[in-house]
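S.K.: Next up is a structure, given as structure tokens.
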Amino acid sequence: MNMNHPIVEIRNVSFDYSGEIVLQDVSLDIRQGDFIAMIGPNGGGKTTLLKLILGLLKPNRGTIRVMGEPSRKASHHIGYVPQNVNINRSFPITAMDVVMMGKLEPGRQWKRQTASDRRDAMEALDRMEMAPLADRKIAELSGGQRQRVFIARALVTQPQLLLLDEPTASIDTKGQTDFYKLLKELNQDITILVVCHDLLVISTYAKSMACMNRRLHYHDHNDITGDMLQSMYACTVEEVCPVELVTQFHQNSFDKRVKG
Amino acid sequence: MIEALQFEFMRNALIAGLLASIICGIMGTFVVVNRIVFLSGGIAHAAYGGIGLAFYFGWPFLLGTIGFSLAAAMIMAAITLTAKHRADSVIGVIWALGMAFGIILMDITPGYNVDLMSYLFGSILSVPRSDLWIMVGLGLLITALVALYYKNLLAMSYDEEFARIRGVPVKTLYFLLIGMLAVTIVLVIQVVGLILVIALLTIPPLIMEQYAKSLFQMMVGAGIAGALFTVIGLWLSYTCNLTSGASIIMVSGIAYFLSLLISRIRIAIKTRSKQNNGKLKNMSSRS
């Protein structure tokens, strides 16, 4: 792949669900080595943008190219961790078999699962510290453990780009710090786009930030300063603890709703 | 039961029931995990329209019914894929329409009148030998197709979006699945009736879902459970002189509620022992 080419090239993309505009004129380049955190209100179009990049949805206007190809053809280069890991909870499947799904490949449908496939899957589980639970049914795992299995499934695809949709929703605070450390480590060879609500994460781990609310605003890490956060949330990171920051954030959005 | 097997119709009934159990074990597993029980019911009832067509035009029974059911099933599959939020209503419409269509065609067919009850509950005691061979062939075909596409069907059933990203041809596969389901339903209806089809498609896989660790285990378990219910049901029907289809369903239904009860008790015991462990830990940490 040409290193100068962005991995994902989004140009003037608009999308609506039966008349209701979700994305408007969105453009974004995701380049090799990026670690982008995407924030935005619920219903702001974050998940929709991920699904457009994956080729699961088609834009009404504009183009999306992944590795220089239309997204539908290149989506297997992307590792995807969906937001809802609790779908089909009672499904009779083990953690190992969920990860093995990542070994499906276009044009390889007929290939048998080999021992090396299973080794790769076990390695991915091990990386997420889930190897001892590989033979457990997915229903017997906790929400956080299921999340780790899904991340392992994305890793085993050996992706160029990792898309994670609110991956820490069901992980406790300690687990979250560990998790973002792991992402940072992965970022050495994988490009990452992660949807999250945690501002602290953005300033500590992410290299850049995308604010998504129908339109997309992109900020380089250098721009993410106390000033900017101040203008957004009317308080600085240094002065308050994260909990206060979050409550402040909710208060602000509440105020806005009341005023609007 | 043993002495009952000296009658050929009893032997045929038993074989038909066992074959239906195996086929329904495989397809029913997909029905349960993909949550398409209602769609299966729609296919089964709409099939009556096909029966009416076959009688009215004097077509061979299987050809007319399978053709009509396949067409109805494909429409339902297409709607499920394109307009999920409307799918159940539209399936309900096709369900009713197909059935009404069949009944009206029966009305205007001169001279012949099919008993609706035998369609609902089947006539497992009058299955001809030729039907058994058709079921064997169908069973082998379905087993082969499922074995061939197992990985892909599994991925689609568990997480359709991820399957699409990994290049699994989800749409084609879904139509294949619904097509296989339609053929299964028609062939098994002929033998055991449409109510027993729905029961065999849902109850044994549902019971097995909580014990199985893979779709394969669920299919095998459901096949065995279905066969067991069929044998017990037929024995009850023979000894107590009851309707065979209904007896099999009663046995399955009771087994289902028993399995629910057992799993409740298991969970209760588990949580209690956990709580006790917690208490012990607390006590030991205090001392």
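Labeling convention for the structure tokens: chains A, B, ... as they appear, residues from 1 per chain, ligands from 1 in order of appearance.
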With 8 Å as the limit and counting only C-alpha atoms, what residues in chain A lie close to chain B? Please list them as a PyMOL selection string.
M.R.: chain A and resi 54-56+72+75-76+80+87-88+90-94+101-102+104-107+109-110+137
S.K.: Applying 9 Å and only C-alpha atoms, which residues near Phe9 of chain B remain after dropping the ones on its own chain fewer than 6 positions away? List them as a list in words.
M.R.: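 Listing them by chain and then by number gives Ile124, Leu125, Ser126, Val127 and Pro128 of chain B.
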S.K.: For a test of reading the model, state the distance in Å between atom CA of Ile248 of chain B and atom CA of Phe229 of chain B, rounded to one decimal.
M.R.: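 Atom-to-atom, atom CA of Ile248 of chain B to atom CA of Phe229 of chain B, that is 6.0 Å.
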S.K.: Can you list, as a VMD selection string, every residue of segment 76-212 of chain A that DSSP puts in helix (DSSP H, G or I)?
M.R.: chain A and resid 76 to 77 95 to 103 115 to 127 131 to 133 138 to 140 143 to 155 173 to 186 199 to 204
S.K.: Those residues you just picked out, can you put them in a file as a compact mmCIF listing (two decimals), in the first residue's frame with C-alpha atoms?
M.R.:
# COMPACT_ATOMS: atom_id res chain seq x y z
CA HIS A 76 -12.03 -6.97 5.61
CA HIS A 77 -8.94 -4.85 6.28
CA ALA A 95 -15.56 -17.43 23.26
CA MET A 96 -13.09 -19.29 21.04
CA ASP A 97 -15.65 -19.79 18.26
CA VAL A 98 -16.59 -16.10 18.34
CA VAL A 99 -12.93 -15.19 17.81
CA MET A 100 -12.65 -17.78 15.02
CA MET A 101 -15.21 -15.75 13.07
CA GLY A 102 -12.43 -13.25 12.53
CA LYS A 103 -10.68 -15.92 10.49
CA ALA A 115 -4.55 -25.47 13.66
CA SER A 116 -2.71 -22.23 12.97
CA ASP A 117 -6.05 -20.39 12.74
CA ARG A 118 -6.91 -21.68 16.20
CA ARG A 119 -3.45 -20.75 17.45
CA ASP A 120 -3.94 -17.19 16.20
CA ALA A 121 -7.34 -17.02 17.86
CA MET A 122 -5.91 -18.29 21.15
CA GLU A 123 -3.11 -15.72 20.93
CA ALA A 124 -5.63 -12.91 20.44
CA LEU A 125 -7.64 -14.16 23.41
CA ASP A 126 -4.46 -14.36 25.45
CA ARG A 127 -3.62 -10.78 24.58
CA ALA A 131 -7.35 -17.41 27.15
CA PRO A 132 -8.41 -19.30 30.32
CA LEU A 133 -12.06 -18.68 29.42
CA ILE A 138 -20.49 -16.51 25.68
CA ALA A 139 -23.61 -16.43 27.90
CA GLU A 140 -21.53 -17.33 30.96
CA GLY A 143 -20.23 -7.84 29.94
CA GLY A 144 -16.59 -6.77 30.24
CA GLN A 145 -15.33 -10.24 29.39
CA ARG A 146 -17.61 -10.38 26.33
CA GLN A 147 -16.17 -7.03 25.25
CA ARG A 148 -12.66 -8.47 25.44
CA VAL A 149 -13.71 -11.45 23.34
CA PHE A 150 -15.07 -9.09 20.69
CA ILE A 151 -11.84 -7.10 20.66
CA ALA A 152 -9.90 -10.35 20.29
CA ARG A 153 -12.14 -11.19 17.33
CA ALA A 154 -11.25 -7.85 15.73
CA LEU A 155 -7.51 -8.32 16.43
CA THR A 173 -12.68 2.18 35.65
CA LYS A 174 -9.55 0.19 36.41
CA GLY A 175 -10.20 -1.97 33.39
CA GLN A 176 -10.66 1.14 31.25
CA THR A 177 -7.21 2.50 32.03
CA ASP A 178 -5.67 -0.88 31.24
CA PHE A 179 -7.72 -1.05 28.10
CA TYR A 180 -6.55 2.31 26.76
CA LYS A 181 -2.96 1.41 27.60
CA LEU A 182 -3.44 -1.69 25.48
CA LEU A 183 -4.90 0.41 22.65
CA LYS A 184 -1.88 2.68 22.79
CA GLU A 185 0.37 -0.35 22.52
CA LEU A 186 -1.65 -1.68 19.57
CA LEU A 199 -12.47 13.28 27.81
CA LEU A 200 -9.53 12.24 29.93
CA VAL A 201 -8.79 9.46 27.50
CA ILE A 202 -8.70 11.87 24.61
CA SER A 203 -6.13 14.11 26.23
CA THR A 204 -4.00 11.21 27.50
S.K.: Any idea what the distance is between atom CA of Ala227 of chain B and atom CA of Ser252 of chain B?
M.R.: 10.2 Å
S.K.: Check the smallest atom-to-atom distance from each of A:Cys211, A:Arg112, A:Asp165, A:Ser170 to Ala147 of chain B using only C-alpha atoms, then report the winner.
M.R.: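 Smallest distance to Ala147 of chain B is found for A:Arg112.
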S.K.: Which of these residues is nearest to Ile36 of chain B, using only C-alpha atoms: B:Leu53, B:Ile22, B:Leu63, B:Ile91?
M.R.: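 Closest to Ile36 of chain B of all the choices is B:Ile91.
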S.K.: Can you list, as a PyMOL selection string, every protein, DNA or RNA residue that comes within 9 Å of segment 13-19 of chain A when you count only C-alpha atoms, leaving out same-chain residues fewer than 3 positions away?
M.R.: chain A and resi 10+22-27+48-49+52+58-64+214
S.K.: Quick one: everything within 12 Å of Ala47 of chain B, counting only C-alpha atoms, minus sequence neighbours fewer than 5 positions away in the same chain. Send it as a VMD selection string.
M.R.: chain B and resid 40 to 42 52 to 54 61 to 73 94 to 103 119 to 120 182 to 190 193 to 194
S.K.: Residues of the last selection are to be written out with C-alpha atoms, as a JSON list (two decimals), in the first residue's frame.
M.R.:
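Okay, part_4.json is ready:
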[["chain", "number", "residue", "atom", "x", "y", "z"],
["B", 40, "SER", "CA", -41.70, -20.45, 9.77],
["B", 41, "GLY", "CA", -45.32, -20.33, 10.89],
["B", 42, "GLY", "CA", -46.04, -18.02, 7.97],
["B", 52, "GLY", "CA", -55.22, -25.59, -2.99],
["B", 53, "LEU", "CA", -53.43, -24.70, -6.24],
["B", 54, "ALA", "CA", -52.21, -28.26, -6.69],
["B", 61, "PHE", "CA", -49.11, -32.33, -4.90],
["B", 62, "LEU", "CA", -45.44, -31.76, -3.99],
["B", 63, "LEU", "CA", -44.66, -29.64, -7.04],
["B", 64, "GLY", "CA", -47.53, -27.22, -6.44],
["B", 65, "THR", "CA", -47.05, -26.93, -2.71],
["B", 66, "ILE", "CA", -43.27, -26.55, -2.74],
["B", 67, "GLY", "CA", -43.42, -24.03, -5.59],
["B", 68, "PHE", "CA", -46.02, -21.89, -3.85],
["B", 69, "SER", "CA", -44.34, -22.10, -0.43],
["B", 70, "LEU", "CA", -40.93, -21.26, -1.87],
["B", 71, "ALA", "CA", -42.39, -18.18, -3.57],
["B", 72, "ALA", "CA", -44.14, -17.07, -0.38],
["B", 73, "ALA", "CA", -40.99, -17.75, 1.67],
["B", 94, "ILE", "CA", -49.09, -13.55, 3.75],
["B", 95, "TRP", "CA", -49.83, -16.16, 6.42],
["B", 96, "ALA", "CA", -53.56, -15.41, 6.37],
["B", 97, "LEU", "CA", -53.81, -14.74, 2.65],
["B", 98, "GLY", "CA", -52.11, -17.99, 1.67],
["B", 99, "MET", "CA", -54.42, -19.99, 3.87],
["B", 100, "ALA", "CA", -57.59, -18.23, 2.63],
["B", 101, "PHE", "CA", -56.44, -18.65, -0.96],
["B", 102, "GLY", "CA", -56.05, -22.38, -0.40],
["B", 103, "ILE", "CA", -59.45, -22.78, 1.20],
["B", 119, "TYR", "CA", -53.43, -30.82, 7.23],
["B", 120, "LEU", "CA", -53.13, -29.22, 10.66],
["B", 182, "ALA", "CA", -39.63, -23.82, 3.11],
["B", 183, "VAL", "CA", -38.84, -27.19, 1.51],
["B", 184, "THR", "CA", -38.41, -28.76, 4.95],
["B", 185, "ILE", "CA", -41.71, -27.42, 6.21],
["B", 186, "VAL", "CA", -43.69, -28.59, 3.19],
["B", 187, "LEU", "CA", -42.26, -32.10, 3.23],
["B", 188, "VAL", "CA", -42.63, -32.52, 6.96],
["B", 189, "ILE", "CA", -46.15, -31.02, 7.00],
["B", 190, "GLN", "CA", -47.26, -33.74, 4.64],
["B", 193, "GLY", "CA", -49.04, -31.74, 9.97],
["B", 194, "LEU", "CA", -48.21, -28.08, 10.27]]
S.K.: Mind giving me the straight-line distance from atom CA of Asn84 of chain A to atom CA of Asp172 of chain A in Å, one decimal?
M.R.: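 Atom-to-atom, atom CA of Asn84 of chain A to atom CA of Asp172 of chain A, that is 16.4 Å.
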S.K.: Name the closest residue to Val146 of chain B among the candidates B:Met10, B:Val31, B:Ile26, B:Val192; distances are taken between atoms, counting only C-alpha atoms.
M.R.: B:Ile26
S.K.: With a distance cut-off of 8 Å and only C-alpha atoms, select the neighbouring residues of Asp220 of chain A, excluding the residue or stretch itself and same-chain residues fewer than 5 positions from it, and output the selection as a list of chain:residue names.
M.R.: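 With the cut-off at 8 Å, the set is A:Lys207, A:Ser208, A:Met209.
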